[in-house]
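Engineer: Compact mmCIF, C-alpha atoms and all ligand atoms, file structure-v7.txt:
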```txt
# COMPACT_ATOMS: atom_id res chain seq x y z
CA MET A 1 0.10 -25.60 5.41
CA ARG A 2 2.07 -23.97 2.64
CA ALA A 3 3.60 -20.51 3.00
CA VAL A 4 6.37 -18.44 1.47
CA ALA A 5 8.97 -17.68 4.13
CA LEU A 6 12.31 -15.92 4.03
CA ASP A 7 15.34 -18.13 4.59
CA ALA A 8 18.52 -17.08 6.44
CA ALA A 9 19.78 -15.24 3.35
CA GLY A 10 16.49 -13.42 2.85
CA ALA A 11 15.41 -15.49 -0.15
CA ALA A 12 11.73 -16.41 -0.44
CA ARG A 13 11.07 -20.15 -0.20
CA LEU A 14 7.86 -22.12 -0.40
CA VAL A 15 7.78 -24.10 2.85
CA ASP A 16 5.52 -26.37 4.82
CA ARG A 17 4.80 -24.93 8.23
CA PRO A 18 2.45 -25.59 11.15
CA GLU A 19 -1.07 -24.16 11.19
CA PRO A 20 -1.10 -20.66 12.73
CA GLU A 21 -1.82 -20.60 16.45
CA GLY A 22 -2.38 -17.97 19.07
CA ALA A 23 -4.67 -15.00 19.36
CA GLY A 24 -7.15 -13.90 16.76
CA ARG A 25 -9.47 -15.46 14.25
CA LEU A 26 -8.49 -18.01 11.67
CA VAL A 27 -8.58 -16.53 8.16
CA ARG A 28 -8.34 -18.60 5.00
CA VAL A 29 -6.33 -16.47 2.58
CA THR A 30 -8.00 -15.99 -0.80
CA ALA A 31 -5.27 -13.72 -2.17
CA CYS A 32 -2.53 -11.45 -0.91
CA GLY A 33 -1.07 -8.49 -2.78
CA LEU A 34 2.66 -7.90 -3.12
CA CYS A 35 3.70 -4.49 -1.77
CA GLY A 36 6.85 -2.47 -2.28
CA SER A 37 7.51 -2.76 1.45
CA ASP A 38 7.64 -6.58 1.09
CA LEU A 39 10.39 -6.19 -1.51
CA GLU A 40 12.48 -4.09 0.89
CA LYS A 41 12.69 -7.12 3.21
CA LEU A 42 13.71 -9.61 0.53
CA GLY A 43 17.43 -10.31 0.41
CA GLY A 44 18.00 -8.99 3.94
CA THR A 45 19.02 -11.17 6.86
CA THR A 46 16.98 -9.41 9.57
CA HIS A 47 13.66 -11.10 8.68
CA ALA A 48 14.76 -14.77 8.50
CA GLY A 49 11.76 -17.07 8.90
CA ALA A 50 9.25 -14.29 8.32
CA VAL A 51 6.21 -14.77 6.11
CA LEU A 52 5.57 -11.48 4.35
CA GLY A 53 2.34 -10.15 2.86
CA HIS A 54 -0.22 -7.84 4.45
CA GLU A 55 -2.67 -6.94 1.66
CA VAL A 56 -5.03 -9.78 2.40
CA ALA A 57 -8.34 -10.90 0.96
CA GLY A 58 -9.64 -13.79 3.00
CA GLU A 59 -12.53 -15.64 4.50
CA LEU A 60 -13.54 -16.60 8.05
CA ASP A 61 -14.85 -20.05 9.01
CA ASP A 62 -18.43 -18.80 8.70
CA GLY A 63 -17.83 -17.63 5.11
CA THR A 64 -17.57 -13.90 5.94
CA ARG A 65 -15.17 -12.26 3.52
CA VAL A 66 -12.62 -10.12 5.32
CA THR A 67 -9.40 -8.23 5.10
CA VAL A 68 -7.01 -7.97 8.04
CA MET A 69 -5.12 -5.17 9.76
CA HIS A 70 -1.53 -6.26 10.24
CA ARG A 71 -0.64 -3.24 12.39
CA VAL A 72 -2.91 -1.28 14.70
CA PRO A 73 -2.10 1.89 16.70
CA CYS A 74 -3.07 2.18 20.38
CA GLY A 75 -5.08 5.35 19.76
CA ARG A 76 -4.18 6.84 23.16
CA CYS A 77 -0.47 7.71 23.26
CA ASN A 78 1.06 11.08 22.38
CA ARG A 79 2.11 9.83 18.94
CA CYS A 80 -1.41 8.66 18.15
CA ARG A 81 -3.00 11.86 19.45
CA ALA A 82 -0.60 13.89 17.30
CA GLY A 83 -1.90 12.03 14.25
CA HIS A 84 1.30 10.04 13.73
CA GLU A 85 -0.26 6.68 14.55
CA SER A 86 2.22 4.73 12.43
CA THR A 87 5.00 5.79 14.83
CA CYS A 88 3.08 4.53 17.90
CA ALA A 89 5.01 1.88 19.87
CA GLU A 90 2.08 -0.55 19.57
CA PHE A 91 2.01 -0.05 15.82
CA ALA A 92 5.31 -1.90 15.59
CA LEU A 93 3.59 -5.14 16.68
CA ILE A 94 2.55 -7.44 13.85
CA ARG A 95 -1.06 -8.54 14.37
CA ILE A 96 -1.20 -11.34 11.86
CA GLU A 97 0.44 -14.74 12.20
CA PRO A 98 2.32 -15.71 10.12
CA GLY A 99 1.62 -13.36 7.17
CA GLY A 100 -0.43 -13.12 4.00
CA PHE A 101 1.65 -15.31 1.71
CA ALA A 102 0.26 -18.44 3.32
CA GLU A 103 -2.82 -20.65 3.08
CA ARG A 104 -4.16 -19.54 6.46
CA LEU A 105 -3.34 -16.94 9.09
CA ARG A 106 -4.58 -15.69 12.42
CA ALA A 107 -5.55 -12.06 12.77
CA THR A 108 -6.59 -10.10 15.85
CA HIS A 109 -8.17 -7.36 13.71
CA THR A 110 -10.37 -8.37 10.80
CA LEU A 111 -12.72 -6.19 8.79
CA ALA A 112 -15.74 -7.56 6.90
CA LEU A 113 -15.78 -6.60 3.23
CA PRO A 114 -18.78 -5.21 1.34
CA ASP A 115 -20.64 -7.72 -0.88
CA ALA A 116 -20.02 -5.49 -3.90
CA LEU A 117 -16.31 -6.25 -3.74
CA GLY A 118 -14.92 -8.72 -6.31
CA GLU A 119 -13.48 -11.96 -4.92
CA LEU A 120 -9.84 -10.84 -4.89
CA ASP A 121 -10.46 -7.12 -4.44
CA GLY A 122 -9.93 -7.23 -0.68
CA ILE A 123 -6.21 -6.91 -1.48
CA TRP A 124 -6.83 -3.23 -2.31
CA VAL A 125 -8.24 -2.21 1.07
CA GLU A 126 -4.89 -1.83 2.85
CA PRO A 127 -3.13 0.16 0.10
CA LEU A 128 -6.19 2.36 -0.38
CA ALA A 129 -6.41 2.94 3.38
CA CYS A 130 -2.82 4.21 3.29
CA VAL A 131 -3.74 6.58 0.45
CA LEU A 132 -6.81 7.89 2.29
CA ARG A 133 -4.85 8.61 5.44
CA ALA A 134 -2.10 10.39 3.50
CA ALA A 135 -4.63 12.38 1.47
CA ASP A 136 -5.67 14.13 4.70
CA ARG A 137 -2.18 15.71 4.66
CA VAL A 138 -2.48 16.99 1.10
CA PRO A 139 -3.95 20.48 0.56
CA ARG A 140 -6.69 20.86 -2.06
CA GLY A 141 -6.24 22.31 -5.52
CA ARG A 142 -3.76 21.49 -8.25
CA ILE A 143 -2.04 18.26 -7.25
CA ALA A 144 0.78 16.45 -9.06
CA VAL A 145 0.90 12.67 -8.68
CA VAL A 146 4.41 11.47 -9.48
CA GLY A 147 4.46 7.82 -10.47
CA CYS A 148 1.49 6.11 -12.11
CA GLY A 149 1.88 2.60 -10.77
CA ALA A 150 -1.01 0.92 -8.98
CA ILE A 151 -0.71 3.29 -6.02
CA GLY A 152 -0.51 6.35 -8.26
CA LEU A 153 -3.71 5.25 -10.01
CA LEU A 154 -5.49 5.00 -6.65
CA TRP A 155 -4.20 8.46 -5.73
CA VAL A 156 -5.53 9.98 -8.96
CA GLN A 157 -9.02 8.72 -8.21
CA VAL A 158 -9.04 9.66 -4.54
CA LEU A 159 -7.94 13.23 -5.34
CA GLN A 160 -10.38 13.59 -8.23
CA ARG A 161 -13.27 12.48 -6.05
CA ARG A 162 -12.61 15.30 -3.61
CA GLY A 163 -12.45 17.83 -6.44
CA ASP A 164 -8.74 18.32 -7.05
CA GLU A 165 -7.23 19.01 -10.45
CA VAL A 166 -4.78 16.11 -10.90
CA PHE A 167 -1.55 16.17 -12.91
CA VAL A 168 0.44 13.02 -13.47
CA SER A 169 3.91 12.02 -14.53
CA ASP A 170 5.64 8.72 -15.13
CA PRO A 171 8.56 7.87 -17.40
CA ARG A 172 6.67 4.76 -18.57
CA GLN A 173 4.22 5.72 -21.29
CA GLU A 174 1.79 2.85 -20.72
CA ARG A 175 1.47 3.79 -17.05
CA LEU A 176 0.98 7.43 -17.86
CA ALA A 177 -1.72 6.48 -20.38
CA ARG A 178 -3.69 4.67 -17.67
CA ALA A 179 -3.69 7.77 -15.47
CA LEU A 180 -4.70 10.00 -18.36
CA ALA A 181 -7.57 7.61 -19.16
CA LEU A 182 -8.85 8.28 -15.63
CA GLY A 183 -9.08 11.98 -16.48
CA ALA A 184 -5.77 13.27 -15.13
CA THR A 185 -3.70 15.75 -17.15
CA PRO A 186 -0.03 15.40 -18.14
CA ALA A 187 2.39 17.01 -15.68
CA GLY A 188 1.92 20.71 -15.12
CA GLY A 189 3.76 23.02 -12.76
CA ASP A 190 2.51 25.36 -10.06
CA ALA A 191 0.93 22.61 -8.04
CA GLU A 192 -0.27 23.18 -4.47
CA ALA A 193 0.97 19.70 -3.66
CA ALA A 194 2.94 16.85 -5.17
CA VAL A 195 2.53 13.23 -4.13
CA LEU A 196 5.65 11.12 -4.53
CA THR A 197 4.56 7.50 -5.04
CA ALA A 198 7.77 6.20 -6.61
CA HIS A 199 11.33 5.68 -5.37
CA ALA A 200 12.65 7.78 -8.25
CA GLY A 201 10.85 11.03 -8.95
CA LEU A 202 11.68 13.32 -6.05
CA GLU A 203 13.14 15.90 -8.43
CA ALA A 204 10.06 15.78 -10.65
CA ALA A 205 7.84 16.19 -7.60
CA LEU A 206 9.80 19.21 -6.34
CA ALA A 207 9.79 20.77 -9.81
CA ALA A 208 6.00 20.48 -10.05
CA LEU A 209 5.40 22.52 -6.89
CA ALA A 210 4.41 26.16 -6.67
CA PRO A 211 6.24 28.22 -4.03
CA GLY A 212 5.00 27.24 -0.59
CA GLY A 213 3.66 23.96 -1.95
CA THR A 214 3.52 20.66 -0.05
CA LEU A 215 5.52 17.58 -0.97
CA LEU A 216 3.93 14.40 0.34
CA VAL A 217 6.49 11.60 0.55
CA PHE A 218 4.53 8.36 0.14
CA ALA A 219 7.41 6.10 -0.93
CA SER A 220 10.99 5.78 0.22
CA PRO A 221 12.72 8.30 -2.07
CA ALA A 222 16.09 8.05 -3.79
CA PRO A 223 18.44 10.77 -2.49
CA ALA A 224 18.04 14.13 -4.22
CA ALA A 225 19.01 17.72 -3.54
CA LEU A 226 16.56 19.60 -1.32
CA ASP A 227 17.68 23.05 -2.42
CA ALA A 228 14.19 23.70 -3.81
CA VAL A 229 12.72 23.24 -0.32
CA TYR A 230 14.80 26.20 0.81
CA ARG A 231 14.50 28.37 -2.31
CA ARG A 232 10.78 27.96 -2.79
CA GLU A 233 9.80 27.54 0.87
CA LEU A 234 8.26 24.14 0.34
CA ARG A 235 6.69 21.99 3.01
CA VAL A 236 7.61 18.30 3.22
CA VAL A 237 5.34 15.78 4.94
CA GLY A 238 5.51 12.02 5.15
CA SER A 239 2.74 9.47 5.48
CA ARG A 240 3.08 5.74 5.93
CA SER A 241 0.54 3.03 6.61
CA ALA A 242 -3.04 3.37 7.82
CA THR A 243 -5.37 3.31 10.83
CA PRO A 244 -8.50 1.18 11.43
CA GLU A 245 -10.69 4.18 10.53
CA HIS A 246 -9.02 4.45 7.16
CA PHE A 247 -9.39 0.70 6.59
CA THR A 248 -13.13 1.04 7.12
CA ALA A 249 -13.35 3.99 4.73
CA ALA A 250 -11.25 2.17 2.15
CA ALA A 251 -13.37 -1.00 2.26
CA ALA A 252 -16.41 1.11 1.42
CA LEU A 253 -14.60 2.96 -1.37
CA VAL A 254 -12.88 0.07 -3.21
CA PRO A 255 -16.04 -1.00 -5.11
CA GLU A 256 -16.38 2.55 -6.48
CA LEU A 257 -12.91 2.74 -8.01
CA ALA A 258 -11.41 1.62 -11.31
CA LEU A 259 -8.94 -0.90 -9.93
CA PRO A 260 -5.59 -1.37 -11.65
CA PRO A 261 -5.06 -4.75 -13.37
CA VAL A 262 -3.64 -7.48 -11.14
CA ASP A 263 -1.44 -10.38 -12.20
CA VAL A 264 -2.53 -13.29 -10.06
CA LEU A 265 -0.01 -16.06 -9.51
CA PRO A 266 0.11 -19.16 -7.30
CA LEU A 267 2.42 -19.03 -4.28
CA ASP A 268 4.87 -21.45 -5.91
CA ARG A 269 5.60 -18.77 -8.52
CA PHE A 270 6.51 -16.16 -5.91
CA ASP A 271 9.92 -15.29 -7.39
CA GLU A 272 8.37 -14.78 -10.81
CA GLY A 273 5.80 -12.41 -9.32
CA VAL A 274 8.52 -10.45 -7.55
CA GLU A 275 10.46 -10.18 -10.79
CA ARG A 276 7.39 -8.98 -12.72
CA TYR A 277 6.72 -6.34 -10.09
CA ARG A 278 10.34 -5.21 -9.89
CA SER A 279 10.79 -4.97 -13.65
CA GLY A 280 7.57 -3.00 -14.00
CA ALA A 281 6.02 -5.65 -16.26
CA SER A 282 3.15 -5.90 -13.76
CA LEU A 283 1.37 -2.96 -12.14
CA LYS A 284 0.24 -5.18 -9.32
CA VAL A 285 0.93 -8.77 -8.37
CA ALA A 286 -1.15 -10.93 -6.04
CA PHE A 287 -0.59 -14.49 -4.93
CA VAL A 288 -3.22 -17.12 -4.33
CA PRO A 289 -2.27 -20.05 -2.08
ZN ZN A 301 1.48 -2.46 1.62
ZN ZN A 302 -0.37 5.02 20.17
```
I'd like the structure from this file rewritten - as structure tokens, please.
Ligand SMILES: [Zn+2]
Ligand SMILES: [Zn+2]

Structural biologist:
Amino acid sequence: MRAVALDAAGAARLVDRPEPEGAGRLVRVTACGLCGSDLEKLGGTTHAGAVLGHEVAGELDDGTRVTVMHRVPCGRCNRCRAGHESTCAEFALIRIEPGGFAERLRATHTLALPDALGELDGIWVEPLACVLRAADRVPRGRIAVVGCGAIGLLWVQVLQRRGDEVFVSDPRQERLARALALGATPAGGDAEAAVLTAHAGLEAALAALAPGGTLLVFASPAPAALDAVYRRELRVVGSRSATPEHFTAAAALVPELALPPVDVLPLDRFDEGVERYRSGASLKVAFVP
């Protein structure tokens, strides 16, 4: 079958590889979303041979439409019980073989999708699950969402639905306009919490916070001075990835949301999709095998 795998230099190559074997159910991939965490692995030499992609919309042999959980916490260890499931030792195991940028994969943890979901919309379950889990760490009230990419647009809607007043900022006007069209307001200060969804933007997030406010770090941030954390007694929390419970909640919620536009490309145009995502020309890219 065809798949996009990293070569020894970390470049993505369309390759022919054996059908996936081993544990789990066989899933025919309908589409797989490109995630910022996939980009971090491109160009590195530590993932040679790996097939990336974990935001999967797929189908089982019997026609059931599913998404897959590529990492699953044990649910019993101290890390899990403390609510930091993504740092559980078992969470490090990858549960899909080989990965989402392939025609087929095997997955030990699949989740059936609601009928109301559009054909490719299963790609949103994993990112939305991550947002839902992180939202549990965000206090209610006036919340600043920094970065209005696809993830920022999901955040706006999740926070609005629980009754928060949502402020948004993004240096790119067309992205900001999408968030405003959802009913968010342009950046205001004095926020109870700020959600950092972009690599750049830590300073903007800190500036938006009221004294004692909470910064939620939801993307790997560029270095910035943390003086404001000291001066204004801010709280900093991180959240990464999701649990099976959040996957289930996200699958039910996806049909209710205004989903950001997706550029859908075939696997043999992988590099072009990466470039579109990196340059910001696309809010979201998905590949179909
Ligand atoms: Zn992801
Ligand atoms: Zn655990």

Engineer: Name the residues in contact with stretch 11-25 of chain A at a cut-off of 8 Å, using all atoms listed in the file, excluding same-chain residues fewer than 6 positions from it; report them as number ranges by chain.

Structural biologist: A: 1-5, 42-43, 60, 97-98, 104-110, 267-268, 270-271

Engineer: Excluding A:Arg65 and residues on its chain fewer than 5 positions from it, collect all residues at most 6 Å away from it, counting all atoms listed in the file, and give them as a ChimeraX atom specification.

Structural biologist: /A:58-59,112-113

Engineer: Pick out the closest residue to A:Gly83 from this set: A:Leu182, A:Val262, A:Met69, A:Ala134. Count all atoms listed in the file.

Structural biologist: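 Closest residue, counting all atoms listed in the file: A:Ala134.
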
Engineer: Considering only C-alpha atoms, return as a list in words whatever protein or nucleic-acid residues lie within 6 Å of A:Ala286, sequence-local ones (same chain, fewer than 6 positions apart) excluded.

Structural biologist: Cys32, Gly33, Leu34 and Val264 of chain A

Engineer: If you count only C-alpha atoms, which residues fall within 10 Å of A:Ala194, apart from same-chain ones fewer than 3 positions away, as a VMD selection string?

Structural biologist: chain A and resid 138 to 139 142 to 146 166 to 168 189 to 191 197 202 204 to 210 213 to 217 236

Engineer: Could you tell me, counting only C-alpha atoms and all ligand atoms, which protein and nucleic acid residues lie no more than 9 Å from ligand ZN 301 (chain A), written as a list in words?

Structural biologist: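 Taking only C-alpha atoms and all ligand atoms into account, the residues around ligand ZN 301 (chain A) at most 9 Å away are Gly33, Leu34, Cys35, Gly36, Ser37, Asp38, Gly53, His54, Glu55, Glu126, Pro127, Cys130 and Ser241 of chain A.
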
Engineer: Mind pulling up the distance from atom CA of A:Arg276 to atom CA of A:Thr45?

Structural biologist: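 If I compute the distance from atom CA of A:Thr45 to atom CA of A:Arg276, I get 22.9 Å.
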
Engineer: Please report, as lines of an AutoDock Vina configuration file, the centre and edge lengths in Å to one decimal of an axis-aligned box covering all listed atoms of stretch 226-239 of chain A with 4 Å per side.

Structural biologist:
```
center_x = 10.2
center_y = 18.9
center_z = 0.8
size_x = 22.9
size_y = 26.9
size_z = 17.3
```

Engineer: Can you work out which residues are within 9 Å of ligand ZN 302 (chain A), considering only C-alpha atoms and all ligand atoms, and then hand them over as a list in words?

Structural biologist: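 Listed by chain and ascending number, the contacts are Val72, Pro73, Cys74, Gly75, Arg76, Cys77, Asn78, Arg79, Cys80, Arg81, His84, Glu85, Ser86, Thr87, Cys88, Ala89, Glu90 and Phe91 of chain A.
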
Engineer: Rounded to one decimal in Å, what is the spacing between atom CA of A:Ala187 and atom CA of A:Ser169?

Structural biologist: 5.3 Å

Engineer: Which protein, DNA or RNA residues are at most 6 Å from (-8.6, 21.6, -9.7) in the file's coordinates when you count only C-alpha atoms, listed as a list of chain:residue names?

Structural biologist: A:Gly141, A:Arg142, A:Asp164, A:Glu165

Engineer: Figure out the distance between atom CA of A:Arg232 and atom CA of A:Gly152, please, to one decimal in Å.

Structural biologist: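 Atom CA of A:Arg232 lies 25.0 Å from atom CA of A:Gly152.
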
Engineer: When you look at stretch 255-259 of chain A with a cut-off of 8 Å (counting only C-alpha atoms), what residues show up, excluding the ones that are within fewer than 3 positions of it in the same chain? I need them as an NGL selection string.

Structural biologist: :A and (116-118 or 154 or 157 or 251-252)

Engineer: With all atoms listed in the file as the basis for distance, which of A:Val56, A:Leu128, A:Ala228, A:Leu176 is at the shortest distance from A:Glu245?

Structural biologist: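 Ranked by minimum distance to A:Glu245, first place goes to A:Leu128.
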
Engineer: Which residue, A:Arg235, A:Arg28, A:Arg140, A:Arg278, has the smallest gap to A:Val66 when you use all atoms listed in the file?

Structural biologist: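 Answer, going by the shortest atom-to-atom distance: A:Arg28.
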
Engineer: Please write as a list in words the list of polymer residues whose atoms come within 6 Å of (-1.3, -4.7, 15.1), counting all atoms listed in the file and keeping to the coordinates of the file.

Structural biologist: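 Final list of nearby residues, as requested, is His70, Arg71, Val72, Phe91, Leu93, Ile94 and Arg95 of chain A.
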
Engineer: With C-alpha atoms kept, could you save the residues just selected as an mmCIF file, in the coordinates of the input?

Structural biologist:
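result-v5.cif written:
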```
data_model
loop_
_atom_site.group_PDB
_atom_site.id
_atom_site.type_symbol
_atom_site.label_atom_id
_atom_site.label_comp_id
_atom_site.auth_asym_id
_atom_site.auth_seq_id
_atom_site.Cartn_x
_atom_site.Cartn_y
_atom_site.Cartn_z
ATOM 1 C CA HIS A 70 -1.530 -6.260 10.240
ATOM 2 C CA ARG A 71 -0.640 -3.240 12.390
ATOM 3 C CA VAL A 72 -2.910 -1.280 14.700
ATOM 4 C CA PHE A 91 2.010 -0.050 15.820
ATOM 5 C CA LEU A 93 3.590 -5.140 16.680
ATOM 6 C CA ILE A 94 2.550 -7.440 13.850
ATOM 7 C CA ARG A 95 -1.060 -8.540 14.370
#
```

Engineer: Between A:Pro261, A:Gly238, A:Gly122, A:Gly10, which has the minimum distance to A:Ser282 (counting only C-alpha atoms)?

Structural biologist: A:Pro261
